[in-house]
>>> print(open('structure_31.cif').read())   # mmCIF, C-alpha atoms
data_coords
#
loop_
_atom_site.label_atom_id
_atom_site.label_comp_id
_atom_site.auth_asym_id
_atom_site.auth_seq_id
_atom_site.Cartn_x
_atom_site.Cartn_y
_atom_site.Cartn_z
CA MET A 1 -15.21 5.44 13.21
CA ALA A 2 -13.34 6.94 16.15
CA GLU A 3 -10.27 5.04 17.35
CA GLU A 4 -11.83 4.25 20.73
CA ASP A 5 -14.97 2.89 19.10
CA HIS A 6 -12.85 0.93 16.66
CA ASN A 7 -10.87 -0.69 19.49
CA ASN A 8 -14.10 -1.60 21.27
CA PHE A 9 -15.44 -3.07 18.05
CA ILE A 10 -12.37 -5.26 17.55
CA ALA A 11 -12.28 -6.29 21.19
CA SER A 12 -15.92 -7.41 20.99
CA LEU A 13 -15.20 -9.89 18.21
CA PRO A 14 -14.73 -13.55 19.11
CA ALA A 15 -11.07 -14.53 18.87
CA GLY A 16 -11.79 -17.13 16.21
CA GLN A 17 -13.61 -14.66 13.97
CA GLY A 18 -10.45 -12.61 13.43
CA CYS A 19 -8.56 -15.77 12.48
CA VAL A 20 -11.24 -16.75 9.98
CA ARG A 21 -11.13 -13.31 8.38
CA PHE A 22 -7.36 -13.44 8.18
CA PHE A 23 -7.59 -16.89 6.57
CA PHE A 24 -10.01 -15.59 3.93
CA ALA A 25 -7.79 -12.56 3.29
CA ALA A 26 -4.76 -14.83 2.86
CA CYS A 27 -6.72 -17.00 0.42
CA ILE A 28 -7.63 -13.88 -1.59
CA TYR A 29 -3.98 -12.84 -1.77
CA LEU A 30 -2.86 -16.33 -2.73
CA ALA A 31 -5.51 -16.48 -5.45
CA ALA A 32 -4.44 -13.02 -6.67
CA GLY A 33 -0.82 -14.16 -6.80
CA ILE A 34 -1.65 -17.30 -8.75
CA TYR A 35 -3.87 -15.36 -11.14
CA LEU A 36 -1.32 -12.64 -11.85
CA TYR A 37 1.70 -14.92 -12.16
CA HIS A 38 -0.01 -17.88 -13.86
CA GLY A 39 1.55 -18.51 -17.23
CA ARG A 40 4.38 -16.10 -16.40
CA VAL A 41 6.36 -18.10 -13.86
CA ASP A 42 7.22 -21.75 -13.36
CA PHE A 43 5.60 -22.80 -10.09
CA SER A 44 7.93 -25.79 -9.90
CA ASN A 45 10.86 -23.35 -9.66
CA ILE A 46 11.59 -22.43 -6.03
CA ASN A 47 12.85 -18.95 -6.95
CA HIS A 48 9.65 -18.17 -8.82
CA CYS A 49 7.58 -19.47 -5.90
CA ILE A 50 9.45 -17.16 -3.51
CA ILE A 51 8.62 -14.18 -5.75
CA VAL A 52 4.92 -15.03 -5.58
CA LEU A 53 5.05 -15.69 -1.84
CA ASN A 54 6.77 -12.35 -1.26
CA SER A 55 3.71 -10.58 -2.64
CA VAL A 56 1.29 -12.82 -0.73
CA VAL A 57 3.12 -12.47 2.60
CA ALA A 58 3.54 -8.71 2.10
CA ALA A 59 -0.18 -8.31 1.38
CA ALA A 60 -1.11 -10.41 4.42
CA GLY A 61 1.21 -8.35 6.63
CA CYS A 62 -0.31 -5.10 5.42
CA TYR A 63 -3.79 -6.54 6.01
CA PHE A 64 -2.88 -7.52 9.58
CA LEU A 65 -1.27 -4.15 10.29
CA SER A 66 -4.21 -2.20 8.86
CA ARG A 67 -6.63 -3.92 11.27
CA ARG A 68 -5.26 -1.58 13.92
CA TRP A 69 -7.00 1.37 12.25
CA VAL A 70 -9.34 0.03 9.55
CA SER A 71 -12.66 -1.32 10.82
CA SER A 72 -13.86 -3.03 7.63
CA PHE A 73 -12.60 -6.37 6.37
CA ALA A 74 -12.85 -5.27 2.73
CA GLY A 75 -10.84 -2.13 3.43
CA SER A 76 -8.01 -4.12 4.98
CA VAL A 77 -8.05 -6.57 2.07
CA LEU A 78 -7.75 -3.65 -0.34
CA ALA A 79 -4.80 -2.24 1.63
CA GLY A 80 -3.03 -5.59 1.28
CA LEU A 81 -3.66 -5.74 -2.46
CA VAL A 82 -2.38 -2.21 -3.01
CA TYR A 83 0.79 -2.96 -1.04
CA GLY A 84 1.61 -6.58 -1.89
CA PHE A 85 0.87 -6.29 -5.61
CA SER A 86 2.11 -2.75 -6.14
CA PRO A 87 4.40 -1.70 -9.00
CA PHE A 88 7.16 -1.41 -6.39
CA ALA A 89 6.69 -5.06 -5.43
CA PHE A 90 6.96 -6.10 -9.08
CA GLY A 91 10.07 -3.95 -9.39
CA LEU A 92 11.72 -6.04 -6.69
CA ALA A 93 10.72 -9.16 -8.63
CA CYS A 94 12.95 -7.97 -11.48
CA TYR A 95 15.93 -8.86 -9.32
CA HIS A 96 16.67 -11.81 -7.05
CA PRO A 97 13.75 -13.34 -5.08
CA GLY A 98 15.61 -12.45 -1.88
CA ALA A 99 15.22 -8.75 -2.71
CA GLY A 100 11.54 -8.89 -1.78
CA VAL A 101 11.97 -10.52 1.63
CA PRO A 102 12.32 -7.26 3.66
CA PHE A 103 9.38 -5.83 1.72
CA ALA A 104 7.31 -8.91 2.56
CA MET A 105 8.17 -8.76 6.27
CA ALA A 106 7.74 -4.98 6.73
CA GLY A 107 4.05 -5.02 7.68
CA TRP A 108 4.60 -7.79 10.19
CA LEU A 109 7.56 -6.00 11.77
CA PHE A 110 5.54 -2.84 12.37
CA CYS A 111 2.83 -4.79 14.23
CA PRO A 112 4.54 -4.77 17.67
CA ALA A 113 4.56 -0.95 17.62
CA ALA A 114 1.04 -0.68 16.21
CA PHE A 115 -0.56 -3.17 18.59
CA LEU A 116 1.46 -2.28 21.70
CA ASP A 117 -1.60 -1.18 23.67
CA ARG A 118 -3.47 -4.34 22.65
CA TRP A 119 -0.70 -6.80 23.46
CA THR A 120 0.73 -5.23 26.63
CA ALA A 121 -0.36 -3.32 29.72
CA LEU A 122 0.75 0.00 28.18
CA THR A 123 -2.74 1.15 27.29
CA GLN A 124 -2.58 4.79 28.41
CA ARG A 125 -0.77 7.53 26.54
CA GLY A 126 2.36 8.63 28.33
CA PHE A 127 6.12 8.99 28.25
CA TRP A 128 6.99 5.32 28.53
CA LYS A 129 4.48 4.22 25.95
CA ALA A 130 5.85 6.82 23.51
CA ILE A 131 9.41 5.61 24.13
CA VAL A 132 8.55 1.92 23.70
CA THR A 133 6.44 2.63 20.60
CA GLY A 134 9.27 4.65 19.08
CA LEU A 135 11.81 1.91 19.72
CA LEU A 136 9.52 -0.78 18.32
CA SER A 137 8.92 1.38 15.23
CA MET A 138 12.64 1.05 14.50
CA LEU A 139 12.35 -2.75 14.33
CA PRO A 140 11.71 -2.95 10.53
CA PHE A 141 14.66 -0.65 9.89
CA VAL A 142 17.02 -2.65 12.10
CA ILE A 143 15.96 -6.03 10.71
CA THR A 144 16.26 -4.79 7.11
CA VAL A 145 19.78 -3.45 7.69
CA LEU A 146 20.80 -6.70 9.39
CA TYR A 147 19.35 -8.73 6.52
CA PHE A 148 21.38 -7.03 3.82
CA TYR A 149 24.47 -6.64 6.01
CA LEU A 150 24.64 -10.32 6.92
CA LEU A 151 24.08 -11.43 3.33
CA ALA A 152 26.99 -9.22 2.25
CA LEU A 153 29.43 -10.87 4.66
CA PRO A 154 32.11 -13.01 2.95
CA GLN A 155 31.18 -15.92 5.20
CA LEU A 156 27.69 -15.99 3.66
CA GLY A 157 28.55 -15.30 0.04
CA PRO A 158 28.80 -12.40 -0.25
CA PHE A 159 25.33 -12.18 -1.69
CA PHE A 160 23.54 -9.03 -2.94
CA PRO A 161 19.82 -9.55 -3.72
CA LEU A 162 19.70 -5.92 -4.91
CA PRO A 163 22.53 -3.78 -6.29
CA LYS A 164 23.41 -1.62 -3.29
CA ASN A 165 23.69 1.57 -5.35
CA ILE A 166 20.02 1.62 -6.42
CA LYS A 167 18.39 4.81 -5.17
CA LEU A 168 15.02 6.40 -5.55
CA GLU A 169 14.96 8.53 -8.69
CA LEU A 170 12.64 11.40 -9.49
CA ILE A 171 11.36 9.40 -12.48
CA SER A 172 9.96 6.89 -9.99
CA PHE A 173 7.37 9.45 -8.89
CA ALA A 174 5.93 9.41 -12.40
CA GLY A 175 4.23 6.24 -11.22
CA LEU A 176 1.96 8.36 -9.03
CA ALA A 177 0.35 9.61 -12.24
CA ALA A 178 0.83 6.62 -14.53
CA PRO A 179 1.99 3.27 -13.06
CA LEU A 180 2.94 2.03 -16.53
CA ALA A 181 5.06 5.09 -17.32
CA GLY A 182 8.39 3.34 -16.75
CA GLU A 183 9.94 -0.08 -16.67
CA PRO A 184 9.33 -2.12 -13.48
CA TYR A 185 13.05 -2.21 -12.62
CA ASN A 186 12.91 1.59 -12.28
CA PHE A 187 10.73 1.06 -9.19
CA MET A 188 7.62 3.06 -9.99
CA PHE A 189 6.28 4.62 -6.79
CA SER A 190 2.58 4.07 -7.35
CA LEU A 191 -0.74 3.21 -5.74
CA PHE A 192 -2.42 2.57 -9.09
CA HIS A 193 -5.02 5.14 -10.23
CA ILE A 194 -8.35 4.81 -8.48
CA PRO A 195 -6.84 3.69 -5.13
CA ALA A 196 -4.57 6.76 -5.29
CA ILE A 197 -7.65 9.02 -5.23
CA PHE A 198 -9.00 7.08 -2.27
CA CYS A 199 -5.60 7.48 -0.62
CA LEU A 200 -5.89 11.24 -1.09
CA PHE A 201 -9.13 11.21 0.88
CA GLY A 202 -7.37 9.06 3.49
CA ILE A 203 -4.63 11.69 3.71
CA PHE A 204 -7.27 14.33 4.40
CA MET A 205 -8.65 12.12 7.17
CA TYR A 206 -5.18 11.58 8.62
CA TYR A 207 -4.48 15.32 8.49
CA SER A 208 -7.71 15.99 10.36
CA SER A 209 -6.65 13.60 13.13
CA GLY A 210 -3.65 15.79 13.99
CA ARG A 211 -1.25 12.86 14.40
CA ILE A 212 2.09 13.11 12.65
CA TRP A 213 4.49 10.49 14.03
CA ALA A 214 3.76 7.97 11.27
CA ALA A 215 4.12 10.67 8.62
CA LEU A 216 7.55 11.53 10.05
CA LEU A 217 8.64 7.93 9.51
CA VAL A 218 7.43 8.13 5.92
CA VAL A 219 9.35 11.35 5.26
CA ALA A 220 12.47 9.83 6.84
CA SER A 221 12.19 6.69 4.71
CA ILE A 222 11.83 8.68 1.48
CA CYS A 223 14.89 10.77 2.40
CA MET A 224 16.84 7.58 3.12
CA ALA A 225 15.83 6.21 -0.28
CA PHE A 226 17.63 9.13 -1.93
CA CYS A 227 20.80 8.63 0.12
CA GLY A 228 23.68 6.20 -0.24
CA ALA A 229 23.83 2.59 0.90
CA PHE A 230 23.88 2.06 4.66
CA PHE A 231 25.60 -1.12 5.86
CA GLN A 232 25.16 -2.68 2.40
CA THR A 233 21.42 -1.83 2.40
CA PRO A 234 20.17 -0.53 -0.98
CA PRO A 235 18.48 2.84 -0.43
CA ILE A 236 15.50 1.98 -2.65
CA ILE A 237 14.25 -0.64 -0.19
CA TRP A 238 13.18 2.04 2.33
CA ILE A 239 10.23 2.94 0.13
CA PHE A 240 8.35 0.07 1.74
CA VAL A 241 7.59 2.36 4.71
CA ALA A 242 5.84 4.93 2.52
CA MET A 243 4.04 2.18 0.60
CA LEU A 244 2.72 0.63 3.82
CA PHE A 245 1.56 3.98 5.18
CA LEU A 246 -0.20 5.01 1.97
CA SER A 247 -1.78 1.58 1.50
CA VAL A 248 -3.39 1.80 4.94
CA LEU A 249 -4.54 5.35 4.16
CA THR A 250 -6.10 4.01 0.96
CA ALA A 251 -8.23 1.64 3.04
CA LEU A 252 -9.19 4.45 5.42
CA GLY A 253 -10.03 6.67 2.47
CA ILE A 254 -12.32 4.22 0.72
CA ASP A 255 -14.15 3.47 3.97
CA GLY A 256 -14.37 7.18 4.65
CA MET A 257 -15.91 7.83 1.23
CA ALA A 258 -18.43 5.07 1.79
CA SER A 259 -19.62 6.79 4.97
CA ALA A 260 -19.04 10.44 4.02
CA GLY A 261 -21.76 12.97 4.77
CA GLN A 262 -22.38 16.66 4.21
CA ALA A 263 -19.50 17.69 6.49
CA ASP A 264 -17.04 15.88 4.20
CA THR A 265 -18.09 17.38 0.89
CA LYS A 266 -15.16 19.80 0.65
CA TRP A 267 -12.67 16.92 0.87
CA ILE A 268 -14.63 14.83 -1.61
CA LEU A 269 -14.78 17.79 -3.99
CA ALA A 270 -10.99 18.11 -3.75
CA CYS A 271 -10.70 14.43 -4.80
CA VAL A 272 -13.09 15.05 -7.70
CA ILE A 273 -10.99 17.99 -8.89
CA VAL A 274 -7.72 16.00 -8.65
CA ALA A 275 -9.18 12.96 -10.43
CA THR A 276 -10.66 15.11 -13.20
CA GLY A 277 -7.42 17.03 -13.61
CA MET A 278 -5.40 13.83 -13.83
CA ALA A 279 -7.84 12.37 -16.37
CA VAL A 280 -7.47 15.43 -18.60
CA ALA A 281 -3.69 15.54 -18.17
CA MET A 282 -3.29 11.85 -19.00
CA PHE A 283 -5.55 12.18 -22.04
CA LEU A 284 -3.42 15.02 -23.36
CA ALA A 285 -0.27 13.03 -22.60
CA SER A 286 -1.67 10.07 -24.54
CA LEU A 287 -1.62 12.17 -27.71
CA ARG A 288 2.17 12.07 -27.47
CA PHE A 289 3.15 9.05 -25.39
CA GLY A 290 0.60 6.48 -26.42
CA GLY A 291 -1.68 3.88 -24.96
CA TYR A 292 -0.57 3.62 -21.34
CA CYS A 293 -1.47 7.28 -20.78
CA LEU A 294 -4.87 6.72 -22.36
CA LEU A 295 -5.48 3.81 -20.00
CA SER A 296 -4.52 6.06 -17.09
CA ALA A 297 -6.93 8.72 -18.39
CA VAL A 298 -9.77 6.17 -18.43
CA MET A 299 -9.00 5.04 -14.87
CA TYR A 300 -8.86 8.59 -13.56
CA GLY A 301 -12.07 9.33 -15.44
CA ILE A 302 -13.76 6.46 -13.62
CA ALA A 303 -12.40 7.81 -10.33
CA ALA A 304 -13.75 11.26 -11.16
CA VAL A 305 -17.23 9.86 -11.91
CA LEU A 306 -17.23 7.79 -8.73
CA THR A 307 -16.09 10.56 -6.44
CA GLY A 308 -18.39 13.03 -8.18
CA SER A 309 -21.36 10.73 -7.59
CA ILE A 310 -20.44 10.37 -3.93
CA PHE A 311 -20.10 14.16 -3.66
CA PHE A 312 -23.68 14.64 -4.80
CA MET A 313 -24.89 11.79 -2.57
CA ALA A 314 -23.17 13.33 0.44
CA ARG A 315 -24.40 16.81 -0.39
CA GLY A 316 -27.94 15.53 -0.73
CA GLY A 317 -27.74 13.59 2.54
CA LEU A 318 -28.02 10.21 0.79
CA ARG A 319 -25.99 7.58 2.60
CA TRP A 320 -26.56 4.52 0.40
CA ARG A 321 -23.48 2.93 1.97
CA LEU A 322 -23.87 -0.50 0.39
CA LEU A 323 -24.19 0.95 -3.10
CA ARG A 324 -21.14 3.14 -2.53
CA LEU A 325 -19.09 0.17 -1.30
CA ILE A 326 -19.99 -1.97 -4.30
CA PHE A 327 -18.95 0.67 -6.82
CA LEU A 328 -15.84 1.84 -4.94
CA TYR A 329 -14.36 -1.60 -4.30
CA THR A 330 -15.25 -2.92 -7.75
CA ALA A 331 -13.54 0.02 -9.45
CA ALA A 332 -10.46 -0.28 -7.24
CA ALA A 333 -10.14 -4.03 -7.85
CA VAL A 334 -10.49 -3.67 -11.62
CA ASP A 335 -7.80 -0.99 -11.68
CA ILE A 336 -5.40 -3.03 -9.55
CA PHE A 337 -5.68 -6.25 -11.52
CA ILE A 338 -5.57 -4.64 -14.98
CA ILE A 339 -2.44 -2.63 -14.17
CA ALA A 340 -0.77 -5.39 -12.15
CA GLU A 341 -1.26 -7.88 -14.96
CA LYS A 342 0.36 -5.53 -17.46
CA ILE A 343 3.33 -4.91 -15.15
CA VAL A 344 3.85 -8.63 -14.53
CA ALA A 345 3.88 -9.14 -18.31
CA LYS A 346 6.78 -6.67 -18.46
CA VAL A 347 8.71 -8.42 -15.70
CA PHE A 348 8.42 -11.96 -17.07
#
>>> encode(input="structure_31.cif", output="structure tokens")
Amino acid sequence: MAEEDHNNFIASLPAGQGCVRFFFAACIYLAAGIYLYHGRVDFSNINHCIIVLNSVVAAAGCYFLSRRWVSSFAGSVLAGLVYGFSPFAFGLACYHPGAGVPFAMAGWLFCPAAFLDRWTALTQRGFWKAIVTGLLSMLPFVITVLYFYLLALPQLGPFFPLPKNIKLELISFAGLAAPLAGEPYNFMFSLFHIPAIFCLFGIFMYYSSGRIWAALLVVASICMAFCGAFFQTPPIIWIFVAMLFLSVLTALGIDGMASAGQADTKWILACVIVATGMAVAMFLASLRFGGYCLLSAVMYGIAAVLTGSIFFMARGGLRWRLLRLIFLYTAAAVDIFIIAEKIVAKVF
């Protein structure tokens, strides 16, 4: 759906309908949090409750942010699940509950920049809108630095929710292939398996749009994650920017696949090739490294079958949108909850 059409679609909804959808999304995230953490944490312990709420609030923030670009309710819910219950989120849970607060607030803090044209009179593209959007995009960075800086002051502790020397390591990117490849405290950079393939299609869609400012923020955040601490801020925390961006692209990708036609077959075929290649690679890796690679091979195999089926549907001019949605969302949800449950078991 074009951005203009999407904005008209959202604007046409009754105000209360958006609130009801957000309420249902929040209930889904709360239920997911209770399901994943049940039996692992003590819900009478305030620190454990904060850990769960960090994931729920983060997911809800990503959901709200994604509504700027994602037209479907289910797509936005998926974006929230991928972000709020990601391996990176569980990595933060390995430390103090306060470590996940900036991660939880990130989606909400990007909303002023994302919804500027909806909340203000700056509706036309121009110099001033670009300046204001750019400044508002810095809000999550500024608030995060202030959060860790103030906590480190002697008057307030000092208190360090995360060791300030933790950086992004190359091993973290192994999570892109196998989310269970490392320990959670190593901060696996991962979108799970099947959602990662949908994200790839979302990246193709984003590339086709010709817009790069958000991608520049992602590149900057990844570079910052490799650098040293800045005003007591642990470098690893900046990964939340990339996670937010890729989670939203995952939602765009799955919606795009559900509506893809003959003109999109080359991009779908690329996803099929990547998913098949990853399935084979993970199967071969399982011969040496064991079960978690075999599980990854199975998930990528499912992704390959799904995307391959959609390729033939699109090539044959068969829309069958509802059938596509059922299979795509079911597969993504199964992948997320199976992997998330295994990671939570490692943390607690």
>>> closest_residue(input="structure_31.cif", among="A:Leu78, A:Met138, A:Leu269, A:Ala181", to="Ile339 of chain A", atoms="all atoms listed in the file")
A:Ala181
>>> closest_residue(input="structure_31.cif", among="A:Phe245, A:Tyr329, A:Phe159, A:Phe311", to="Trp69 of chain A", atoms="all atoms listed in the file")
A:Phe245
>>> atom_distance(input="structure_31.cif", atom1="atom CA of Gly308 of chain A", atom2="atom CA of Ile273 of chain A")
8.9 Å
>>> atom_distance(input="structure_31.cif", atom1="atom CA of Val52 of chain A", atom2="atom CA of Gly33 of chain A")
5.9 Å
>>> resolve_selection(input="structure_31.cif", expression="the PyMOL selection byres ((chain A and resi 257) around 10)", output="PDB file with C-alpha atoms, in the coordinates of the input")
ATOM      1  CA  PHE A 198      -9.000   7.080  -2.270  1.00  0.00           C
ATOM      2  CA  PHE A 201      -9.130  11.210   0.880  1.00  0.00           C
ATOM      3  CA  GLY A 202      -7.370   9.060   3.490  1.00  0.00           C
ATOM      4  CA  LEU A 252      -9.190   4.450   5.420  1.00  0.00           C
ATOM      5  CA  GLY A 253     -10.030   6.670   2.470  1.00  0.00           C
ATOM      6  CA  ILE A 254     -12.320   4.220   0.720  1.00  0.00           C
ATOM      7  CA  ASP A 255     -14.150   3.470   3.970  1.00  0.00           C
ATOM      8  CA  GLY A 256     -14.370   7.180   4.650  1.00  0.00           C
ATOM      9  CA  ALA A 258     -18.430   5.070   1.790  1.00  0.00           C
ATOM     10  CA  SER A 259     -19.620   6.790   4.970  1.00  0.00           C
ATOM     11  CA  ALA A 260     -19.040  10.440   4.020  1.00  0.00           C
ATOM     12  CA  GLY A 261     -21.760  12.970   4.770  1.00  0.00           C
ATOM     13  CA  ASP A 264     -17.040  15.880   4.200  1.00  0.00           C
ATOM     14  CA  THR A 265     -18.090  17.380   0.890  1.00  0.00           C
ATOM     15  CA  TRP A 267     -12.670  16.920   0.870  1.00  0.00           C
ATOM     16  CA  ILE A 268     -14.630  14.830  -1.610  1.00  0.00           C
ATOM     17  CA  THR A 307     -16.090  10.560  -6.440  1.00  0.00           C
ATOM     18  CA  ILE A 310     -20.440  10.370  -3.930  1.00  0.00           C
ATOM     19  CA  PHE A 311     -20.100  14.160  -3.660  1.00  0.00           C
ATOM     20  CA  ALA A 314     -23.170  13.330   0.440  1.00  0.00           C
ATOM     21  CA  ARG A 321     -23.480   2.930   1.970  1.00  0.00           C
ATOM     22  CA  ARG A 324     -21.140   3.140  -2.530  1.00  0.00           C
ATOM     23  CA  LEU A 325     -19.090   0.170  -1.300  1.00  0.00           C
ATOM     24  CA  LEU A 328     -15.840   1.840  -4.940  1.00  0.00           C
TER      25      LEU A 328
END
>>> residues_around(input="structure_31.cif", residues="segment 226-242 of chain A", least_positions_apart="4", cutoff="8 Å", atoms="only C-alpha atoms", output="list in words")
Pro102, Phe103, Ala106, Thr144, Val145, Phe148, Tyr149, Ala152, Leu162, Pro163, Lys164, Asn165, Ile166, Lys167, Leu168, Glu169, Leu217, Val218, Val219, Ser221, Ile222 and Leu246 of chain A
>>> atom_distance(input="structure_31.cif", atom1="atom CA of Gly157 of chain A", atom2="atom CA of Trp108 of chain A")
27.1 Å
>>> residues_around(input="structure_31.cif", residues="segment 296-302 of chain A", least_positions_apart="5", cutoff="12 Å", atoms="all atoms listed in the file", output="PDB file with C-alpha atoms, keeping the file's coordinate frame")
ATOM      1  CA  ALA A 174       5.930   9.410 -12.400  1.00  0.00           C
ATOM      2  CA  GLY A 175       4.230   6.240 -11.220  1.00  0.00           C
ATOM      3  CA  LEU A 176       1.960   8.360  -9.030  1.00  0.00           C
ATOM      4  CA  ALA A 177       0.350   9.610 -12.240  1.00  0.00           C
ATOM      5  CA  ALA A 178       0.830   6.620 -14.530  1.00  0.00           C
ATOM      6  CA  PRO A 179       1.990   3.270 -13.060  1.00  0.00           C
ATOM      7  CA  LEU A 180       2.940   2.030 -16.530  1.00  0.00           C
ATOM      8  CA  ALA A 181       5.060   5.090 -17.320  1.00  0.00           C
ATOM      9  CA  PHE A 192      -2.420   2.570  -9.090  1.00  0.00           C
ATOM     10  CA  HIS A 193      -5.020   5.140 -10.230  1.00  0.00           C
ATOM     11  CA  ILE A 194      -8.350   4.810  -8.480  1.00  0.00           C
ATOM     12  CA  PRO A 195      -6.840   3.690  -5.130  1.00  0.00           C
ATOM     13  CA  ALA A 196      -4.570   6.760  -5.290  1.00  0.00           C
ATOM     14  CA  ILE A 197      -7.650   9.020  -5.230  1.00  0.00           C
ATOM     15  CA  PHE A 198      -9.000   7.080  -2.270  1.00  0.00           C
ATOM     16  CA  CYS A 271     -10.700  14.430  -4.800  1.00  0.00           C
ATOM     17  CA  VAL A 272     -13.090  15.050  -7.700  1.00  0.00           C
ATOM     18  CA  ILE A 273     -10.990  17.990  -8.890  1.00  0.00           C
ATOM     19  CA  VAL A 274      -7.720  16.000  -8.650  1.00  0.00           C
ATOM     20  CA  ALA A 275      -9.180  12.960 -10.430  1.00  0.00           C
ATOM     21  CA  THR A 276     -10.660  15.110 -13.200  1.00  0.00           C
ATOM     22  CA  GLY A 277      -7.420  17.030 -13.610  1.00  0.00           C
ATOM     23  CA  MET A 278      -5.400  13.830 -13.830  1.00  0.00           C
ATOM     24  CA  ALA A 279      -7.840  12.370 -16.370  1.00  0.00           C
ATOM     25  CA  VAL A 280      -7.470  15.430 -18.600  1.00  0.00           C
ATOM     26  CA  ALA A 281      -3.690  15.540 -18.170  1.00  0.00           C
ATOM     27  CA  MET A 282      -3.290  11.850 -19.000  1.00  0.00           C
ATOM     28  CA  PHE A 283      -5.550  12.180 -22.040  1.00  0.00           C
ATOM     29  CA  LEU A 284      -3.420  15.020 -23.360  1.00  0.00           C
ATOM     30  CA  ALA A 285      -0.270  13.030 -22.600  1.00  0.00           C
ATOM     31  CA  SER A 286      -1.670  10.070 -24.540  1.00  0.00           C
ATOM     32  CA  LEU A 287      -1.620  12.170 -27.710  1.00  0.00           C
ATOM     33  CA  PHE A 289       3.150   9.050 -25.390  1.00  0.00           C
ATOM     34  CA  GLY A 290       0.600   6.480 -26.420  1.00  0.00           C
ATOM     35  CA  GLY A 291      -1.680   3.880 -24.960  1.00  0.00           C
ATOM     36  CA  THR A 307     -16.090  10.560  -6.440  1.00  0.00           C
ATOM     37  CA  GLY A 308     -18.390  13.030  -8.180  1.00  0.00           C
ATOM     38  CA  SER A 309     -21.360  10.730  -7.590  1.00  0.00           C
ATOM     39  CA  PHE A 327     -18.950   0.670  -6.820  1.00  0.00           C
ATOM     40  CA  LEU A 328     -15.840   1.840  -4.940  1.00  0.00           C
ATOM     41  CA  THR A 330     -15.250  -2.920  -7.750  1.00  0.00           C
ATOM     42  CA  ALA A 331     -13.540   0.020  -9.450  1.00  0.00           C
ATOM     43  CA  ALA A 332     -10.460  -0.280  -7.240  1.00  0.00           C
ATOM     44  CA  ALA A 333     -10.140  -4.030  -7.850  1.00  0.00           C
ATOM     45  CA  VAL A 334     -10.490  -3.670 -11.620  1.00  0.00           C
ATOM     46  CA  ASP A 335      -7.800  -0.990 -11.680  1.00  0.00           C
ATOM     47  CA  ILE A 336      -5.400  -3.030  -9.550  1.00  0.00           C
ATOM     48  CA  ILE A 338      -5.570  -4.640 -14.980  1.00  0.00           C
ATOM     49  CA  ILE A 339      -2.440  -2.630 -14.170  1.00  0.00           C
TER      50      ILE A 339
END
>>> closest_residue(input="structure_31.cif", among="A:Met313, A:Pro140, A:Ala104, A:Lys342", to="Leu295 of chain A", atoms="all atoms listed in the file")
A:Lys342
>>> resolve_selection(input="structure_31.cif", expression="the PyMOL selection byres ((chain A and resi 59) around 12)", output="PyMOL selection string")
chain A and resi 22+25-33+52-58+60-66+76-86+89+103-108+240+243-244+247-248
>>> resolve_selection(input="structure_31.cif", expression="the PyMOL selection byres ((chain A and resi 91) around 9)", output="PDB file with C-alpha atoms, in the coordinates of the input")
ATOM      1  CA  SER A  86       2.110  -2.750  -6.140  1.00  0.00           C
ATOM      2  CA  PRO A  87       4.400  -1.700  -9.000  1.00  0.00           C
ATOM      3  CA  PHE A  88       7.160  -1.410  -6.390  1.00  0.00           C
ATOM      4  CA  ALA A  89       6.690  -5.060  -5.430  1.00  0.00           C
ATOM      5  CA  PHE A  90       6.960  -6.100  -9.080  1.00  0.00           C
ATOM      6  CA  LEU A  92      11.720  -6.040  -6.690  1.00  0.00           C
ATOM      7  CA  ALA A  93      10.720  -9.160  -8.630  1.00  0.00           C
ATOM      8  CA  CYS A  94      12.950  -7.970 -11.480  1.00  0.00           C
ATOM      9  CA  TYR A  95      15.930  -8.860  -9.320  1.00  0.00           C
ATOM     10  CA  GLU A 183       9.940  -0.080 -16.670  1.00  0.00           C
ATOM     11  CA  PRO A 184       9.330  -2.120 -13.480  1.00  0.00           C
ATOM     12  CA  TYR A 185      13.050  -2.210 -12.620  1.00  0.00           C
ATOM     13  CA  ASN A 186      12.910   1.590 -12.280  1.00  0.00           C
ATOM     14  CA  PHE A 187      10.730   1.060  -9.190  1.00  0.00           C
ATOM     15  CA  MET A 188       7.620   3.060  -9.990  1.00  0.00           C
ATOM     16  CA  ILE A 343       3.330  -4.910 -15.150  1.00  0.00           C
ATOM     17  CA  VAL A 347       8.710  -8.420 -15.700  1.00  0.00           C
TER      18      VAL A 347
END
>>> closest_residue(input="structure_31.cif", among="A:Leu109, A:Arg211, A:Leu294, A:Arg319", to="Gln262 of chain A", atoms="all atoms listed in the file")
A:Arg319
>>> decode(input="structure_31.cif", residues="segment 277-281 of chain A", atoms="N, CA and C atoms", output="CSV table (one decimal), in the first residue's frame")
chain,number,residue,atom,x,y,z
A,277,GLY,N,19.4,-21.9,1.2
A,277,GLY,CA,20.8,-21.9,1.5
A,277,GLY,C,21.0,-22.0,3.0
A,278,MET,N,20.3,-21.2,3.8
A,278,MET,CA,20.5,-21.3,5.3
A,278,MET,C,20.0,-22.6,5.8
A,279,ALA,N,19.0,-23.2,5.3
A,279,ALA,CA,18.5,-24.5,5.7
A,279,ALA,C,19.6,-25.6,5.5
A,280,VAL,N,20.2,-25.5,4.3
A,280,VAL,CA,21.3,-26.5,4.0
A,280,VAL,C,22.5,-26.2,4.9
A,281,ALA,N,22.9,-25.0,5.1
A,281,ALA,CA,24.1,-24.6,5.9
A,281,ALA,C,23.9,-25.0,7.3
